[in-house]
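Novice: Got a structure here, written out as structure tokens. Questions coming.
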Amino acid sequence: MSIKEDIKKQSYKSVYLLYGEENFLKDYYKKALVGKVLDSTFADFNYKEIISKKPEPEEIDDFLSSYPCMSEKKILFIKNSDLMKKASDADKKYWQKTLSEVPDFVIIIFSEISVDKRNAIYKQIAKDFGVDEFPFQKEADLTDWVRRYAASCGKEILPDTARHLIDCCSPSMYILKNEIEKLAAYRADEKEITKEHIDICCCKIAENRVFEMIDDLLGGNAEKACEKYEELKLLREEPIAINAAIFSKYNQLRKEKILSETMGAREIAAKLGQREYFVNMHLKQIAKIPLSELDKITKMCFDADHKIKNGLSDGWAALDIIIANMI
């Protein structure tokens, strides 16, 4: 890992790109680098954040052209700009020039959810600087981390219980951190976190509720699935988030279906970073479902996302059509 090694050696590149779904680790290493490079006393003068918007060239140029204040370096942090995916020709031209002329007293850190590796800006950073990917952690690593973090909160949690927490909540370390802290406060006099504590205290995220609904549908229990769908409406979950979860699940099922033509469950699990138990379960669920049906649902979700975001369709109306097709 480029940034981790550089922090250890205290020898830094001019530009870092941190990308992937695991925001906790991206933020962790960004904070670690900032903490090593900048004196907290003068950090306000030498650190700038630009979040969830495309950086304006004038804003960047102003920051890069001024020298650090009482420090050897200054840091520019750009988060969720989408420059590695949707950059215009003007953006690409500006950043290719800017990245080739970064002053030696500046470090630029990009943090993105996803990237297009064909993108010219991505290619330049990958070639000349540092790129680190932070996907959701593998189950074994995440289970170990859950147990360590629980211990730091004064609690014990068994491996099976830690996996239950991950399955109930999310592979996101930020979400798990919050849930562990909540569990640590619940029955503070008890040393061990149990599955019962998790079932009482932890809210299942909308994504898991959607996955349970899909499992019911694939298992032939349409009535139960429809009940879960109505629960999502009553809980006022966002239609756009439910649509995204359906797309995620069906896209995963598509991949497993395609790979099953040449691979066994263990190989598929290793390739996709899934648990073999769930891959086996999914393959049984979709054994009689043609790939064309899985393709149809993922395309409907893709189209619905576009229509909802652009005000061309009511969110729940679009979802009603998708659910009807899933049934």
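Scheme for the structure tokens: letters A, B, ... for chains in order shown; per-chain residue numbers from 1; ligand numbers from 1 in order shown.
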Name the residues in contact with Pro171 in chain A at a cut-off of 9 Å, using only C-alpha atoms, excluding same-chain residues fewer than 6 positions from it; report them as a list in words.
Specialist: Glu22, Phe136, Gln137, Lys138, Glu139 and Leu142 of chain A
Novice: One number please: CA of Ala245 in chain A to CA of Trp316 in chain A, in Å, one decimal.
Specialist: 14.2 Å
Novice: Which residue is closest to Lys228 in chain A? Choose from A:Ala241, A:Glu207, A:Gly35, A:Ala265 and count only C-alpha atoms.
Specialist: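 Using only C-alpha atoms, the shortest distance to Lys228 in chain A belongs to A:Glu207.
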Novice: Between A:Ile113, A:Met263, A:Ile258, A:Ala184, which is the closest to Phe24 in chain A once you count only C-alpha atoms?
Specialist: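 Checking each of A:Ile113, A:Met263, A:Ile258, A:Ala184 against Phe24 in chain A, counting only C-alpha atoms, the winner is A:Ile113.
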Novice: Excluding same-chain residues fewer than 4 positions from range 104-107 of chain A, what lies within 12 Å of it counting only C-alpha atoms, as a PyMOL selection string?
Specialist: chain A and resi 3+11-17+30+33-34+37-38+46-48+60-61+63-78+98-100+129-130
Novice: Identify which of the residues A:Leu312, A:Met84, A:Met213, A:Ala32 lies closest to Tyr19 in chain A, counting only C-alpha atoms when measuring atom-to-atom distances.
Specialist: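 Of all the options, A:Met84 lies closest to Tyr19 in chain A.
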Novice: Which of range 2-169 of chain A counts as strand (DSSP E) under DSSP, as a PyMOL selection string please?
Specialist: chain A and resi 15-19+47-51+74-79+106-112+130-133
Novice: Contacts of Lys182 in chain A at 9 Å or less, counting only C-alpha atoms, minus same-chain residues fewer than 5 places along, as a PyMOL selection string?
Specialist: chain A and resi 177+201-202
Novice: Keeping C-alpha atoms for every residue in the selection just given, could you write it to a file as an mmCIF file, in the first residue's frame?
Specialist:
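Saved to selection.cif:
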data_model
loop_
_atom_site.group_PDB
_atom_site.id
_atom_site.type_symbol
_atom_site.label_atom_id
_atom_site.label_comp_id
_atom_site.auth_asym_id
_atom_site.auth_seq_id
_atom_site.Cartn_x
_atom_site.Cartn_y
_atom_site.Cartn_z
ATOM 1 C CA LYS A 177 -17.872 1.224 14.593
ATOM 2 C CA CYS A 201 -29.800 -3.069 19.577
ATOM 3 C CA CYS A 202 -28.687 -2.982 15.968
#
Novice: Using only C-alpha atoms, can you tell me which of A:Lys255, A:Lys249, A:Arg236, A:Lys85 comes closest to Asp116 in chain A?
Specialist: A:Lys85
Novice: Name the residues of range 83-300 of chain A that fall into helix (DSSP H, G or I) according to DSSP on the backbone, using the chain letters and numbers of this document, as a PyMOL selection string.
Specialist: chain A and resi 83-86+89-99+120-128+139-152+159-168+173-185+195-201+206-218+222-234+239-259+265-272+276-285+291-300
Novice: In Å, rounded to a single decimal, give me how far CA of Asp303 in chain A is from CA of Gly220 in chain A.
Specialist: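 Separating CA of Gly220 in chain A from CA of Asp303 in chain A is a distance of 25.8 Å.
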Novice: Quick one: everything within 8 Å of Glu133 in chain A, counting only C-alpha atoms, minus sequence neighbours fewer than 2 positions away in the same chain. Send it as a ChimeraX atom specification.
Specialist: /A:18-20,131,135
Novice: What lies within 8 Å of range 276-281 of chain A using only C-alpha atoms, ignoring chain neighbours under 5 positions off, as a PyMOL selection string?
Specialist: chain A and resi 256+265-266+268-270
Novice: Write a file of the selected residues as a PDB file, in the first residue's frame, keeping all heavy atoms.
Specialist:
ATOM      1  N   GLU A 256     -22.364 -14.170 -10.295  1.00  0.00           N
ATOM      2  CA  GLU A 256     -22.265 -15.542  -9.798  1.00  0.00           C
ATOM      3  C   GLU A 256     -22.804 -16.537 -10.824  1.00  0.00           C
ATOM      4  O   GLU A 256     -22.236 -17.614 -11.011  1.00  0.00           O
ATOM      5  CB  GLU A 256     -23.011 -15.662  -8.468  1.00  0.00           C
ATOM      6  CG  GLU A 256     -22.328 -14.888  -7.346  1.00  0.00           C
ATOM      7  CD  GLU A 256     -23.139 -14.805  -6.073  1.00  0.00           C
ATOM      8  OE1 GLU A 256     -24.352 -15.129  -6.124  1.00  0.00           O
ATOM      9  OE2 GLU A 256     -22.587 -14.430  -5.035  1.00  0.00           O
ATOM     10  N   ALA A 265     -18.343 -23.014  -6.408  1.00  0.00           N
ATOM     11  CA  ALA A 265     -18.717 -21.989  -5.430  1.00  0.00           C
ATOM     12  C   ALA A 265     -17.509 -21.413  -4.703  1.00  0.00           C
ATOM     13  O   ALA A 265     -17.436 -20.207  -4.454  1.00  0.00           O
ATOM     14  CB  ALA A 265     -19.708 -22.577  -4.425  1.00  0.00           C
ATOM     15  N   ARG A 266     -16.533 -22.274  -4.368  1.00  0.00           N
ATOM     16  CA  ARG A 266     -15.367 -21.782  -3.627  1.00  0.00           C
ATOM     17  C   ARG A 266     -14.557 -20.791  -4.460  1.00  0.00           C
ATOM     18  O   ARG A 266     -14.125 -19.750  -3.962  1.00  0.00           O
ATOM     19  CB  ARG A 266     -14.485 -22.964  -3.208  1.00  0.00           C
ATOM     20  CG  ARG A 266     -13.249 -22.548  -2.413  1.00  0.00           C
ATOM     21  CD  ARG A 266     -12.523 -23.739  -1.826  1.00  0.00           C
ATOM     22  NE  ARG A 266     -13.360 -24.425  -0.835  1.00  0.00           N
ATOM     23  CZ  ARG A 266     -12.988 -25.511  -0.185  1.00  0.00           C
ATOM     24  NH1 ARG A 266     -11.807 -26.051  -0.415  1.00  0.00           N
ATOM     25  NH2 ARG A 266     -13.793 -26.062   0.701  1.00  0.00           N
ATOM     26  N   ILE A 268     -15.687 -18.997  -6.983  1.00  0.00           N
ATOM     27  CA  ILE A 268     -16.502 -17.784  -7.162  1.00  0.00           C
ATOM     28  C   ILE A 268     -16.396 -16.907  -5.923  1.00  0.00           C
ATOM     29  O   ILE A 268     -16.217 -15.687  -6.012  1.00  0.00           O
ATOM     30  CB  ILE A 268     -17.974 -18.149  -7.436  1.00  0.00           C
ATOM     31  CG1 ILE A 268     -18.101 -18.892  -8.781  1.00  0.00           C
ATOM     32  CG2 ILE A 268     -18.851 -16.893  -7.445  1.00  0.00           C
ATOM     33  CD1 ILE A 268     -19.480 -19.470  -9.031  1.00  0.00           C
ATOM     34  N   ALA A 269     -16.503 -17.534  -4.749  1.00  0.00           N
ATOM     35  CA  ALA A 269     -16.423 -16.780  -3.488  1.00  0.00           C
ATOM     36  C   ALA A 269     -15.089 -16.052  -3.367  1.00  0.00           C
ATOM     37  O   ALA A 269     -15.030 -14.881  -2.972  1.00  0.00           O
ATOM     38  CB  ALA A 269     -16.628 -17.730  -2.310  1.00  0.00           C
ATOM     39  N   ALA A 270     -14.010 -16.746  -3.720  1.00  0.00           N
ATOM     40  CA  ALA A 270     -12.678 -16.137  -3.638  1.00  0.00           C
ATOM     41  C   ALA A 270     -12.541 -14.981  -4.618  1.00  0.00           C
ATOM     42  O   ALA A 270     -11.980 -13.931  -4.289  1.00  0.00           O
ATOM     43  CB  ALA A 270     -11.614 -17.194  -3.916  1.00  0.00           C
TER      44      ALA A 270
END
Novice: With only C-alpha atoms as the atoms that count, which of A:Leu234, A:Arg118, A:Asp89, A:Cys226 lies nearest to Asp320 in chain A?
Specialist: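 Ranking A:Leu234, A:Arg118, A:Asp89, A:Cys226 by distance to Asp320 in chain A, first place goes to A:Cys226.
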